[in-house]
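Student: Take this structure, written in C-alpha coordinates, and hold onto it; I'll ask about it next.
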Amino acid sequence: MEKITIDEQNKRRIQKYLKQLVGIYGYENDIALLEEKGQLTEELAIKVFSEIMNDAYRTRTMLEPKENSEFKEQIEETFLKYDKIPKPEQFEQYGFYDGAYNNMELDEIFSNMQIAFELRELGNKYYECRDLRNIANTVINSIDGIEKYKINVPSEAKEELQKVQEELRMLLSAEKTDIKGIQERIELYNEHATNIWIDYLTSVDDVENGQYRWVIHNLTKGELEGDFRNKYMSTSLMTNNEMGRYGSANYGLIIKPKHIVCASYKDTYTLNTRDDEENLFNIKPPLMLPQEIEDLCIKQTIEKNGEMLNYEKAPIYSEIVVDEYDIEGAYYVSYGEHELANDYERAKKVADERGLPLIERDISKYRAEHGFEPMTEKSKRDLCRNVLWKCCAGNKELEQIYSQFSKEFIDNHFQEFYEQFMKTKENPEYSKEDILRTFADVARRDMIFGKISQNIDEMYQSEEQKETVPDFKEDGLTEFDEKTMAEKQETQEVVDNSGARINEFGEIIRENKIQKNNMWENRFKSWYGAIDKVSQNSKSKFLKMKADILKAITNKIKERTNIDKIHKDTNER
(Lines give C-alpha, C1' and ligand atoms only; values in the text may rest on other atoms or scores of the structure.)
Protein backbone atom coordinates (compact mmCIF):
# COMPACT_ATOMS: atom_id res chain seq x y z
CA MET A 1 0.00 0.00 0.00
CA GLU A 2 1.62 3.24 -1.19
CA LYS A 3 1.58 6.20 1.22
CA ILE A 4 3.13 9.63 1.73
CA THR A 5 3.74 11.82 4.79
CA ILE A 6 1.89 15.14 4.60
CA ASP A 7 2.22 18.49 6.42
CA GLU A 8 0.12 19.43 9.46
CA GLN A 9 -2.08 21.93 7.58
CA ASN A 10 -3.19 19.39 5.00
CA LYS A 11 -3.62 16.73 7.68
CA ARG A 12 -6.09 19.01 9.51
CA ARG A 13 -7.79 19.84 6.18
CA ILE A 14 -8.41 16.19 5.41
CA GLN A 15 -9.46 15.28 8.97
CA LYS A 16 -12.00 18.12 9.05
CA TYR A 17 -13.34 17.14 5.66
CA LEU A 18 -13.69 13.47 6.60
CA LYS A 19 -15.96 14.45 9.53
CA GLN A 20 -18.38 16.02 7.05
CA LEU A 21 -18.61 12.97 4.82
CA VAL A 22 -21.59 10.67 5.41
CA GLY A 23 -21.27 6.91 5.05
CA ILE A 24 -17.50 6.60 4.65
CA TYR A 25 -16.72 2.99 5.52
CA GLY A 26 -13.76 0.67 4.94
CA TYR A 27 -11.09 3.32 5.53
CA GLU A 28 -10.74 2.92 9.29
CA ASN A 29 -7.10 1.79 9.18
CA ASP A 30 -6.17 4.48 6.66
CA ILE A 31 -7.74 7.20 8.83
CA ALA A 32 -5.97 5.86 11.94
CA LEU A 33 -2.63 5.99 10.11
CA LEU A 34 -3.31 9.60 9.09
CA GLU A 35 -4.15 10.61 12.65
CA GLU A 36 -1.29 8.76 14.34
CA LYS A 37 1.60 9.27 11.88
CA GLY A 38 0.39 11.92 9.43
CA GLN A 39 0.63 9.42 6.56
CA LEU A 40 -1.87 9.47 3.66
CA THR A 41 -2.50 6.16 1.87
CA GLU A 42 -3.26 6.02 -1.84
CA GLU A 43 -6.70 4.48 -1.19
CA LEU A 44 -7.74 7.26 1.21
CA ALA A 45 -6.22 9.91 -1.07
CA ILE A 46 -8.33 8.70 -4.04
CA LYS A 47 -11.48 8.73 -1.88
CA VAL A 48 -10.87 12.24 -0.51
CA PHE A 49 -9.79 13.55 -3.94
CA SER A 50 -12.95 12.22 -5.61
CA GLU A 51 -15.21 13.81 -2.98
CA ILE A 52 -13.44 17.18 -2.83
CA MET A 53 -13.42 17.40 -6.64
CA ASN A 54 -17.21 17.08 -6.63
CA ASP A 55 -17.46 19.92 -4.10
CA ALA A 56 -14.95 22.05 -5.99
CA TYR A 57 -16.93 21.54 -9.22
CA ARG A 58 -20.02 23.03 -7.59
CA THR A 59 -17.96 25.98 -6.32
CA ARG A 60 -16.45 26.49 -9.79
CA THR A 61 -19.91 26.44 -11.39
CA MET A 62 -21.71 28.71 -8.92
CA LEU A 63 -19.05 31.17 -7.78
CA GLU A 64 -19.26 34.43 -9.75
CA PRO A 65 -17.45 37.19 -7.83
CA LYS A 66 -18.49 40.77 -8.49
CA GLU A 67 -16.13 43.06 -10.41
CA ASN A 68 -15.30 45.04 -7.28
CA SER A 69 -14.85 41.96 -5.12
CA GLU A 70 -11.69 41.86 -3.04
CA PHE A 71 -11.37 38.16 -3.98
CA LYS A 72 -11.88 38.47 -7.75
CA GLU A 73 -8.22 38.21 -8.78
CA GLN A 74 -7.45 35.38 -6.34
CA ILE A 75 -10.52 33.41 -7.41
CA GLU A 76 -9.67 33.71 -11.13
CA GLU A 77 -6.11 32.47 -10.52
CA THR A 78 -7.43 29.46 -8.59
CA PHE A 79 -9.95 28.76 -11.39
CA LEU A 80 -7.06 28.49 -13.86
CA LYS A 81 -5.22 25.96 -11.68
CA TYR A 82 -8.40 23.96 -11.11
CA ASP A 83 -9.24 23.87 -14.83
CA LYS A 84 -5.87 22.22 -15.58
CA ILE A 85 -6.62 19.21 -13.37
CA PRO A 86 -7.25 16.16 -15.62
CA LYS A 87 -10.93 15.19 -15.61
CA PRO A 88 -12.96 12.46 -17.33
CA GLU A 89 -15.12 13.44 -20.30
CA GLN A 90 -18.40 12.87 -18.48
CA PHE A 91 -17.31 15.07 -15.57
CA GLU A 92 -18.32 18.35 -17.22
CA GLN A 93 -21.65 16.82 -18.27
CA TYR A 94 -22.62 15.20 -14.98
CA GLY A 95 -20.43 17.03 -12.46
CA PHE A 96 -19.45 13.78 -10.81
CA TYR A 97 -15.79 12.83 -10.33
CA ASP A 98 -15.28 9.14 -9.65
CA GLY A 99 -11.71 8.20 -8.81
CA ALA A 100 -8.26 9.40 -9.94
CA TYR A 101 -7.96 9.47 -13.72
CA ASN A 102 -5.15 9.34 -16.32
CA ASN A 103 -3.05 7.10 -14.08
CA MET A 104 -2.21 9.86 -11.60
CA GLU A 105 0.58 9.08 -9.19
CA LEU A 106 -0.05 9.57 -5.47
CA ASP A 107 2.01 12.80 -5.41
CA GLU A 108 -0.05 14.21 -8.30
CA ILE A 109 -3.33 13.18 -6.62
CA PHE A 110 -2.23 14.96 -3.45
CA SER A 111 -1.14 18.08 -5.37
CA ASN A 112 -4.45 18.32 -7.28
CA MET A 113 -6.34 17.63 -4.04
CA GLN A 114 -4.76 20.76 -2.54
CA ILE A 115 -5.96 22.88 -5.48
CA ALA A 116 -9.51 21.57 -5.03
CA PHE A 117 -9.34 22.32 -1.29
CA GLU A 118 -8.01 25.80 -2.05
CA LEU A 119 -10.89 26.54 -4.42
CA ARG A 120 -13.49 25.27 -1.99
CA GLU A 121 -12.03 27.20 0.94
CA LEU A 122 -11.77 30.34 -1.16
CA GLY A 123 -15.43 30.02 -2.10
CA ASN A 124 -16.34 29.58 1.57
CA LYS A 125 -14.35 32.68 2.50
CA TYR A 126 -16.00 34.70 -0.26
CA TYR A 127 -19.48 33.73 0.95
CA GLU A 128 -18.49 34.21 4.61
CA CYS A 129 -17.41 37.79 3.95
CA ARG A 130 -20.52 38.47 1.88
CA ASP A 131 -22.79 37.09 4.63
CA LEU A 132 -20.86 38.97 7.30
CA ARG A 133 -21.30 42.25 5.45
CA ASN A 134 -25.03 41.56 5.04
CA ILE A 135 -25.37 40.84 8.76
CA ALA A 136 -23.46 44.04 9.59
CA ASN A 137 -25.88 46.06 7.45
CA THR A 138 -28.84 44.39 9.19
CA VAL A 139 -27.32 45.22 12.58
CA ILE A 140 -26.99 48.88 11.55
CA ASN A 141 -30.69 48.92 10.61
CA SER A 142 -31.70 47.12 13.82
CA ILE A 143 -29.92 49.72 15.94
CA ASP A 144 -31.97 52.36 14.10
CA GLY A 145 -35.03 50.25 15.00
CA ILE A 146 -34.48 50.97 18.70
CA GLU A 147 -35.63 54.54 18.04
CA LYS A 148 -38.24 53.54 15.48
CA TYR A 149 -40.02 51.11 17.82
CA LYS A 150 -39.37 53.23 20.95
CA ILE A 151 -37.53 50.39 22.69
CA ASN A 152 -36.39 51.21 26.20
CA VAL A 153 -32.71 50.39 26.75
CA PRO A 154 -30.34 51.69 29.44
CA SER A 155 -28.48 54.85 28.43
CA GLU A 156 -25.07 53.12 28.62
CA ALA A 157 -26.27 50.31 26.34
CA LYS A 158 -27.73 52.86 23.92
CA GLU A 159 -24.41 54.73 23.70
CA GLU A 160 -22.50 51.47 23.18
CA LEU A 161 -24.87 50.39 20.39
CA GLN A 162 -24.49 53.76 18.64
CA LYS A 163 -20.71 53.30 18.79
CA VAL A 164 -21.06 49.78 17.31
CA GLN A 165 -23.17 51.24 14.50
CA GLU A 166 -20.58 53.90 13.65
CA GLU A 167 -17.67 51.44 13.71
CA LEU A 168 -19.52 48.94 11.49
CA ARG A 169 -20.18 51.66 8.92
CA MET A 170 -16.48 52.48 8.91
CA LEU A 171 -15.43 48.83 8.58
CA LEU A 172 -17.86 48.25 5.70
CA SER A 173 -16.39 51.17 3.78
CA ALA A 174 -12.95 49.49 3.67
CA GLU A 175 -11.83 47.67 0.51
CA LYS A 176 -10.94 44.48 2.37
CA THR A 177 -13.20 42.77 4.84
CA ASP A 178 -11.92 42.87 8.41
CA ILE A 179 -13.59 39.61 9.43
CA LYS A 180 -12.44 39.71 13.03
CA GLY A 181 -13.30 43.39 13.51
CA ILE A 182 -16.82 43.01 12.09
CA GLN A 183 -17.47 39.81 14.06
CA GLU A 184 -16.47 41.49 17.34
CA ARG A 185 -18.95 44.36 16.76
CA ILE A 186 -21.73 41.97 15.76
CA GLU A 187 -21.17 39.85 18.89
CA LEU A 188 -21.33 42.97 21.08
CA TYR A 189 -24.61 43.98 19.41
CA ASN A 190 -25.96 40.42 19.84
CA GLU A 191 -25.49 40.64 23.62
CA HIS A 192 -27.65 43.77 23.77
CA ALA A 193 -30.17 42.33 21.28
CA THR A 194 -30.58 39.22 23.44
CA ASN A 195 -31.36 41.43 26.44
CA ILE A 196 -33.96 43.30 24.37
CA TRP A 197 -35.55 39.95 23.44
CA ILE A 198 -35.68 38.78 27.08
CA ASP A 199 -37.27 42.08 28.19
CA TYR A 200 -39.76 41.97 25.32
CA LEU A 201 -41.08 38.44 25.91
CA THR A 202 -43.91 37.84 28.39
CA SER A 203 -44.07 35.04 30.93
CA VAL A 204 -46.68 32.30 30.68
CA ASP A 205 -48.18 33.79 33.84
CA ASP A 206 -48.24 37.34 32.45
CA VAL A 207 -51.02 37.54 29.85
CA GLU A 208 -52.82 40.73 30.89
CA ASN A 209 -55.68 41.57 28.52
CA GLY A 210 -54.71 38.63 26.39
CA GLN A 211 -51.53 40.35 25.15
CA TYR A 212 -48.65 37.91 24.98
CA ARG A 213 -45.24 37.62 23.31
CA TRP A 214 -43.68 34.18 23.34
CA VAL A 215 -40.89 32.28 21.67
CA ILE A 216 -42.38 28.90 20.80
CA HIS A 217 -41.20 25.59 19.38
CA ASN A 218 -44.10 24.22 17.36
CA LEU A 219 -44.05 20.45 17.52
CA THR A 220 -44.56 18.33 14.44
CA LYS A 221 -46.70 15.23 14.68
CA GLY A 222 -43.73 13.05 13.79
CA GLU A 223 -41.32 14.67 16.23
CA LEU A 224 -40.39 12.88 19.43
CA GLU A 225 -41.99 14.65 22.34
CA GLY A 226 -38.99 14.12 24.60
CA ASP A 227 -35.52 15.46 23.90
CA PHE A 228 -35.60 17.88 20.98
CA ARG A 229 -33.04 17.79 18.21
CA ASN A 230 -29.46 18.36 19.33
CA LYS A 231 -27.84 21.44 20.83
CA TYR A 232 -29.74 23.97 18.73
CA MET A 233 -33.50 24.50 18.72
CA SER A 234 -35.46 26.34 16.04
CA THR A 235 -38.27 28.47 17.44
CA SER A 236 -40.63 31.21 16.26
CA LEU A 237 -41.99 34.45 17.65
CA MET A 238 -45.72 34.21 18.41
CA THR A 239 -47.77 37.17 19.64
CA ASN A 240 -51.39 38.29 19.63
CA ASN A 241 -50.56 40.09 16.36
CA GLU A 242 -48.56 37.34 14.66
CA MET A 243 -49.37 33.64 15.16
CA GLY A 244 -47.62 32.01 12.21
CA ARG A 245 -45.97 28.69 13.03
CA TYR A 246 -43.81 26.13 11.27
CA GLY A 247 -45.56 22.95 10.18
CA SER A 248 -49.19 21.87 10.20
CA ALA A 249 -49.53 21.06 13.92
CA ASN A 250 -51.09 23.55 16.34
CA TYR A 251 -49.29 22.85 19.60
CA GLY A 252 -45.84 23.04 21.11
CA LEU A 253 -43.54 24.43 23.81
CA ILE A 254 -43.17 27.92 25.21
CA ILE A 255 -39.43 28.67 25.36
CA LYS A 256 -37.56 31.14 27.56
CA PRO A 257 -34.30 31.83 25.70
CA LYS A 258 -31.09 32.46 27.61
CA HIS A 259 -28.86 32.78 24.56
CA ILE A 260 -30.01 33.47 21.00
CA VAL A 261 -27.79 32.49 18.06
CA CYS A 262 -29.82 34.28 15.39
CA ALA A 263 -33.30 35.63 14.71
CA SER A 264 -34.94 36.32 11.36
CA TYR A 265 -38.41 37.18 10.03
CA LYS A 266 -38.27 34.11 7.74
CA ASP A 267 -37.19 30.49 7.72
CA THR A 268 -33.37 30.30 7.78
CA TYR A 269 -33.27 26.58 6.90
CA THR A 270 -31.10 25.89 9.92
CA LEU A 271 -29.50 22.45 10.07
CA ASN A 272 -30.35 22.11 13.74
CA THR A 273 -29.58 18.41 13.86
CA ARG A 274 -25.93 19.46 14.07
CA ASP A 275 -23.93 20.19 17.19
CA ASP A 276 -21.42 22.58 15.59
CA GLU A 277 -22.41 26.15 14.75
CA GLU A 278 -19.88 26.34 11.93
CA ASN A 279 -22.00 24.12 9.70
CA LEU A 280 -25.36 25.05 11.21
CA PHE A 281 -26.39 27.50 8.48
CA ASN A 282 -26.41 27.58 4.72
CA ILE A 283 -26.41 31.37 4.96
CA LYS A 284 -25.97 32.64 8.51
CA PRO A 285 -28.76 35.05 9.45
CA PRO A 286 -28.51 38.06 11.81
CA LEU A 287 -30.08 38.52 15.23
CA MET A 288 -32.92 40.91 14.45
CA LEU A 289 -34.99 42.59 17.15
CA PRO A 290 -38.39 41.07 18.03
CA GLN A 291 -40.27 44.27 17.17
CA GLU A 292 -38.73 44.22 13.69
CA ILE A 293 -39.62 40.56 13.18
CA GLU A 294 -43.24 40.98 14.30
CA ASP A 295 -43.66 44.01 12.03
CA LEU A 296 -42.17 42.27 8.97
CA CYS A 297 -44.16 39.07 9.54
CA ILE A 298 -47.41 41.06 9.75
CA LYS A 299 -46.59 42.87 6.50
CA GLN A 300 -45.75 39.57 4.78
CA THR A 301 -48.95 37.96 6.04
CA ILE A 302 -51.10 40.80 4.69
CA GLU A 303 -49.23 40.70 1.37
CA LYS A 304 -49.57 36.92 0.94
CA ASN A 305 -52.96 36.25 2.57
CA GLY A 306 -54.85 39.53 2.45
CA GLU A 307 -55.11 40.26 6.18
CA MET A 308 -53.43 39.82 9.56
CA LEU A 309 -53.62 36.49 11.37
CA ASN A 310 -54.58 34.63 8.21
CA TYR A 311 -52.30 31.80 7.06
CA GLU A 312 -54.50 29.92 4.61
CA LYS A 313 -52.62 30.58 1.36
CA ALA A 314 -49.02 30.99 2.52
CA PRO A 315 -47.59 30.10 5.96
CA ILE A 316 -45.60 33.06 7.32
CA TYR A 317 -43.37 32.38 10.32
CA SER A 318 -40.10 33.58 11.80
CA GLU A 319 -37.12 31.54 12.95
CA ILE A 320 -35.17 32.15 16.13
CA VAL A 321 -32.32 29.71 16.81
CA VAL A 322 -31.47 29.23 20.50
CA ASP A 323 -28.84 27.07 22.16
CA GLU A 324 -29.53 27.89 25.83
CA TYR A 325 -33.10 27.99 27.08
CA ASP A 326 -35.71 26.90 29.61
CA ILE A 327 -39.11 25.39 28.77
CA GLU A 328 -41.82 27.43 30.52
CA GLY A 329 -45.03 25.83 29.31
CA ALA A 330 -47.01 24.13 26.57
CA TYR A 331 -49.60 25.75 24.32
CA TYR A 332 -52.16 24.89 21.68
CA VAL A 333 -53.78 27.16 19.11
CA SER A 334 -57.55 26.91 18.73
CA TYR A 335 -60.67 28.81 17.71
CA GLY A 336 -61.65 28.80 21.37
CA GLU A 337 -63.10 25.28 21.49
CA HIS A 338 -61.05 24.27 24.57
CA GLU A 339 -60.61 20.49 24.93
CA LEU A 340 -62.28 19.95 21.56
CA ALA A 341 -59.38 21.65 19.73
CA ASN A 342 -57.63 19.56 17.13
CA ASP A 343 -54.30 19.09 18.94
CA TYR A 344 -55.50 19.44 22.52
CA GLU A 345 -54.78 15.82 23.48
CA ARG A 346 -51.23 15.97 22.11
CA ALA A 347 -50.57 19.29 23.86
CA LYS A 348 -51.93 17.97 27.16
CA LYS A 349 -49.74 14.87 26.91
CA VAL A 350 -46.64 17.05 26.43
CA ALA A 351 -47.65 19.31 29.34
CA ASP A 352 -48.46 16.44 31.69
CA GLU A 353 -45.26 14.55 30.94
CA ARG A 354 -43.13 17.60 31.71
CA GLY A 355 -45.24 19.09 34.49
CA LEU A 356 -45.89 22.25 32.46
CA PRO A 357 -48.86 24.62 32.44
CA LEU A 358 -51.03 24.20 29.33
CA ILE A 359 -52.32 27.41 27.75
CA GLU A 360 -54.87 27.87 24.96
CA ARG A 361 -54.42 30.65 22.39
CA ASP A 362 -57.67 31.48 20.58
CA ILE A 363 -56.73 32.91 17.18
CA SER A 364 -60.34 33.94 16.48
CA LYS A 365 -60.26 36.21 19.53
CA TYR A 366 -57.22 38.11 18.28
CA ARG A 367 -58.66 38.39 14.77
CA ALA A 368 -61.81 39.94 16.22
CA GLU A 369 -59.76 42.38 18.29
CA HIS A 370 -58.16 43.60 15.07
CA GLY A 371 -61.56 44.12 13.46
CA PHE A 372 -61.62 41.00 11.27
CA GLU A 373 -64.23 38.27 11.03
CA PRO A 374 -63.20 35.94 13.88
CA MET A 375 -62.83 33.04 11.46
CA THR A 376 -62.27 32.71 7.75
CA GLU A 377 -64.58 30.40 5.81
CA LYS A 378 -61.93 27.68 5.85
CA SER A 379 -61.57 28.07 9.62
CA LYS A 380 -65.33 27.76 10.07
CA ARG A 381 -65.33 24.55 8.06
CA ASP A 382 -62.31 23.23 9.96
CA LEU A 383 -64.03 23.92 13.27
CA CYS A 384 -67.23 22.14 12.18
CA ARG A 385 -65.26 19.21 10.76
CA ASN A 386 -63.17 18.80 13.89
CA VAL A 387 -66.12 18.83 16.33
CA LEU A 388 -68.07 16.45 14.08
CA TRP A 389 -65.14 14.06 14.10
CA LYS A 390 -64.76 14.34 17.88
CA CYS A 391 -68.41 13.30 18.17
CA CYS A 392 -67.92 10.33 15.82
CA ALA A 393 -64.51 9.06 16.95
CA GLY A 394 -64.61 5.77 18.80
CA ASN A 395 -67.93 4.69 17.30
CA LYS A 396 -67.25 2.47 14.26
CA GLU A 397 -70.70 3.01 12.83
CA LEU A 398 -70.44 6.81 13.10
CA GLU A 399 -66.86 6.79 11.83
CA GLN A 400 -68.02 4.96 8.70
CA ILE A 401 -70.84 7.45 8.21
CA TYR A 402 -68.35 10.30 8.74
CA SER A 403 -66.16 9.02 5.93
CA GLN A 404 -69.13 9.06 3.55
CA PHE A 405 -71.23 12.04 4.57
CA SER A 406 -69.06 14.50 6.57
CA LYS A 407 -68.47 16.84 3.63
CA GLU A 408 -72.21 17.19 3.01
CA PHE A 409 -72.85 17.85 6.69
CA ILE A 410 -70.12 20.51 6.84
CA ASP A 411 -71.33 22.20 3.66
CA ASN A 412 -74.87 22.37 5.06
CA HIS A 413 -74.16 23.30 8.67
CA PHE A 414 -70.75 24.99 9.11
CA GLN A 415 -72.13 28.54 9.00
CA GLU A 416 -74.97 27.78 11.40
CA PHE A 417 -72.64 26.08 13.85
CA TYR A 418 -70.16 28.97 13.60
CA GLU A 419 -72.87 31.51 14.44
CA GLN A 420 -74.19 29.45 17.36
CA PHE A 421 -70.62 28.79 18.56
CA MET A 422 -69.79 32.51 18.60
CA LYS A 423 -72.94 33.17 20.67
CA THR A 424 -71.86 30.46 23.10
CA LYS A 425 -68.47 32.16 23.48
CA GLU A 426 -70.12 35.39 24.62
CA ASN A 427 -70.34 33.77 28.04
CA PRO A 428 -66.78 34.02 29.40
CA GLU A 429 -67.31 30.84 31.43
CA TYR A 430 -68.47 28.66 28.54
CA SER A 431 -67.26 25.06 28.60
CA LYS A 432 -66.80 21.99 26.46
CA GLU A 433 -70.31 20.92 27.48
CA ASP A 434 -71.78 24.19 26.20
CA ILE A 435 -70.02 23.74 22.86
CA LEU A 436 -71.25 20.17 22.45
CA ARG A 437 -74.80 21.14 23.37
CA THR A 438 -74.61 23.89 20.75
CA PHE A 439 -73.39 21.34 18.24
CA ALA A 440 -76.23 19.01 19.24
CA ASP A 441 -78.76 21.73 18.36
CA VAL A 442 -77.25 22.05 14.90
CA ALA A 443 -76.89 18.32 14.26
CA ARG A 444 -80.32 17.44 15.64
CA ARG A 445 -82.13 18.23 12.40
CA ASP A 446 -79.63 16.39 10.20
CA MET A 447 -80.98 13.14 8.78
CA ILE A 448 -77.58 11.40 8.81
CA PHE A 449 -75.86 12.63 11.96
CA GLY A 450 -78.92 13.30 14.13
CA LYS A 451 -77.92 10.43 16.39
CA ILE A 452 -75.00 12.54 17.61
CA SER A 453 -77.45 14.91 19.31
CA GLN A 454 -79.03 12.02 21.18
CA ASN A 455 -75.57 10.86 22.27
CA ILE A 456 -74.71 14.35 23.56
CA ASP A 457 -78.06 14.60 25.36
CA GLU A 458 -77.42 11.30 27.13
CA MET A 459 -73.86 12.32 27.95
CA TYR A 460 -74.82 15.42 29.92
CA GLN A 461 -78.23 14.49 31.41
CA SER A 462 -78.41 13.45 35.02
CA GLU A 463 -79.85 10.05 35.93
CA GLU A 464 -83.05 11.76 37.12
CA GLN A 465 -83.40 13.60 33.81
CA LYS A 466 -82.83 10.39 31.85
CA GLU A 467 -85.66 8.69 33.76
CA THR A 468 -88.13 11.48 32.91
CA VAL A 469 -87.40 11.33 29.17
CA PRO A 470 -89.42 8.58 27.42
CA ASP A 471 -87.75 5.83 25.49
CA PHE A 472 -88.63 6.63 21.88
CA LYS A 473 -88.01 3.10 20.66
CA GLU A 474 -90.43 1.58 23.16
CA ASP A 475 -93.12 3.98 21.97
CA GLY A 476 -92.39 3.31 18.32
CA LEU A 477 -90.81 6.75 17.82
CA THR A 478 -87.59 5.70 16.14
CA GLU A 479 -87.22 8.91 14.17
CA PHE A 480 -84.05 9.79 16.07
CA ASP A 481 -82.44 6.51 15.17
CA GLU A 482 -80.11 7.28 12.23
CA LYS A 483 -81.34 4.30 10.20
CA THR A 484 -84.94 5.35 10.57
CA MET A 485 -84.19 9.01 9.82
CA ALA A 486 -82.37 8.01 6.61
CA GLU A 487 -84.76 5.34 5.38
CA LYS A 488 -87.99 4.58 7.28
CA GLN A 489 -91.34 6.03 6.25
CA GLU A 490 -94.40 4.57 8.02
CA THR A 491 -97.88 4.73 6.54
CA GLN A 492 -101.40 4.01 7.79
CA GLU A 493 -104.69 3.37 6.06
CA VAL A 494 -107.64 5.34 7.45
CA VAL A 495 -111.08 4.84 5.81
CA ASP A 496 -114.38 6.67 6.48
CA ASN A 497 -117.50 5.61 4.48
CA SER A 498 -119.19 8.91 5.12
CA GLY A 499 -116.88 10.77 2.70
CA ALA A 500 -114.34 13.34 3.87
CA ARG A 501 -113.74 14.23 7.47
CA ILE A 502 -111.14 15.96 9.66
CA ASN A 503 -109.85 13.81 12.48
CA GLU A 504 -108.81 14.96 15.95
CA PHE A 505 -105.27 15.62 14.72
CA GLY A 506 -106.32 18.12 12.05
CA GLU A 507 -105.74 15.75 9.16
CA ILE A 508 -108.13 15.50 6.18
CA ILE A 509 -109.33 11.91 5.73
CA ARG A 510 -111.02 11.05 2.41
CA GLU A 511 -113.18 8.01 1.65
CA ASN A 512 -111.35 5.03 0.17
CA LYS A 513 -108.07 7.01 -0.10
CA ILE A 514 -104.73 5.87 1.29
CA GLN A 515 -102.94 8.72 3.05
CA LYS A 516 -99.41 8.87 4.49
CA ASN A 517 -100.02 9.55 8.12
CA ASN A 518 -96.68 11.03 9.20
CA MET A 519 -97.93 14.59 9.75
CA TRP A 520 -98.00 14.09 13.50
CA GLU A 521 -94.45 12.79 13.55
CA ASN A 522 -93.25 15.76 11.48
CA ARG A 523 -94.96 18.14 13.88
CA PHE A 524 -93.45 16.27 16.81
CA LYS A 525 -90.00 16.55 15.29
CA SER A 526 -90.39 20.30 14.79
CA TRP A 527 -91.79 20.87 18.29
CA TYR A 528 -89.13 18.69 19.86
CA GLY A 529 -86.38 20.69 18.12
CA ALA A 530 -87.84 24.01 19.23
CA ILE A 531 -88.41 22.87 22.80
CA ASP A 532 -84.95 21.33 22.99
CA LYS A 533 -83.29 24.49 21.68
CA VAL A 534 -84.91 26.54 24.43
CA SER A 535 -84.15 23.94 27.07
CA GLN A 536 -80.49 23.65 26.12
CA ASN A 537 -79.98 27.40 26.20
CA SER A 538 -81.70 27.73 29.56
CA LYS A 539 -80.34 24.41 30.83
CA SER A 540 -82.06 22.93 33.87
CA LYS A 541 -84.84 25.52 34.02
CA PHE A 542 -86.75 23.93 31.15
CA LEU A 543 -85.59 20.33 31.38
CA LYS A 544 -88.57 19.23 33.47
CA MET A 545 -90.96 21.15 31.19
CA LYS A 546 -89.44 19.37 28.20
CA ALA A 547 -89.81 15.97 29.85
CA ASP A 548 -93.43 16.66 30.83
CA ILE A 549 -94.32 17.77 27.31
CA LEU A 550 -92.62 14.75 25.77
CA LYS A 551 -94.48 12.47 28.14
CA ALA A 552 -97.81 14.13 27.27
CA ILE A 553 -97.08 13.81 23.56
CA THR A 554 -96.18 10.14 24.00
CA ASN A 555 -99.44 9.46 25.86
CA LYS A 556 -101.37 11.29 23.14
CA ILE A 557 -99.74 9.14 20.47
CA LYS A 558 -100.64 5.97 22.36
CA GLU A 559 -104.23 7.24 22.68
CA ARG A 560 -104.35 8.09 18.99
CA THR A 561 -102.97 4.65 18.07
CA ASN A 562 -105.73 2.97 20.10
CA ILE A 563 -108.43 5.11 18.40
CA ASP A 564 -107.07 4.24 14.94
CA LYS A 565 -107.04 0.57 15.89
CA ILE A 566 -110.71 0.78 17.01
CA HIS A 567 -111.68 2.50 13.71
CA LYS A 568 -109.86 -0.14 11.74
CA ASP A 569 -111.49 -3.04 13.65
CA THR A 570 -114.95 -1.45 13.22
CA ASN A 571 -114.49 -1.03 9.46
CA GLU A 572 -113.26 -4.59 9.09
CA ARG A 573 -116.33 -5.90 10.90
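Convention: chains lettered A, B, ... in C-alpha coordinates order; per-chain residue numbering from 1; ligands numbered from 1 as shown.
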Taking only stretch 322-367 of chain A into account, list the residues labelled helix (DSSP H, G or I) by DSSP (computed from the backbone), as JSON, numbers by chain.
Tutor: {"A": [338, 339, 340, 344, 345, 346, 347, 348, 349, 350, 351, 352, 353, 354, 363, 364, 365, 366, 367]}
Student: Excluding same-chain residues fewer than 4 positions from A:Glu328, what lies within 7 Å of it counting only C-alpha atoms, as a short mmCIF file (atom, residue, chain, number, x, y, z; two decimals) with N, CA and C atoms, in the first residue's frame?
Tutor:
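Written output follows (selection_27.cif):
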data_model
loop_
_atom_site.label_atom_id
_atom_site.label_comp_id
_atom_site.auth_asym_id
_atom_site.auth_seq_id
_atom_site.Cartn_x
_atom_site.Cartn_y
_atom_site.Cartn_z
N VAL A 204 -45.42 33.04 30.86
CA VAL A 204 -46.68 32.30 30.68
C VAL A 204 -47.71 32.74 31.71
N ILE A 254 -43.47 26.51 25.01
CA ILE A 254 -43.17 27.92 25.21
C ILE A 254 -41.75 27.99 25.78
N ILE A 255 -40.86 28.68 25.06
CA ILE A 255 -39.43 28.67 25.36
C ILE A 255 -39.01 30.01 25.97
N LYS A 256 -38.19 29.93 27.00
CA LYS A 256 -37.56 31.14 27.56
C LYS A 256 -36.09 31.11 27.17
N LEU A 356 -45.82 20.86 32.93
CA LEU A 356 -45.89 22.25 32.46
C LEU A 356 -47.32 22.76 32.46
#
Student: Between atom CA of A:Phe79 and atom CA of A:Asp55, what distance in Å does the model show, to one decimal?
Tutor: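 Atom-to-atom, atom CA of A:Phe79 to atom CA of A:Asp55, that is 13.7 Å.
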Student: Give me, as a ChimeraX atom specification, all polymer residues having an atom no more than 12 Å from A:Lys407, counting only C-alpha atoms and skipping those fewer than 2 positions away in the same chain.
Tutor: /A:381-382,384-386,388-389,401-405,409-414,448-449
Student: Can you pull out every residue within 9 Å of A:Asn102, counting only C-alpha atoms, but drop anything in the same chain fewer than 3 positions away, and send it as a ChimeraX atom specification?
Tutor: /A:86-88
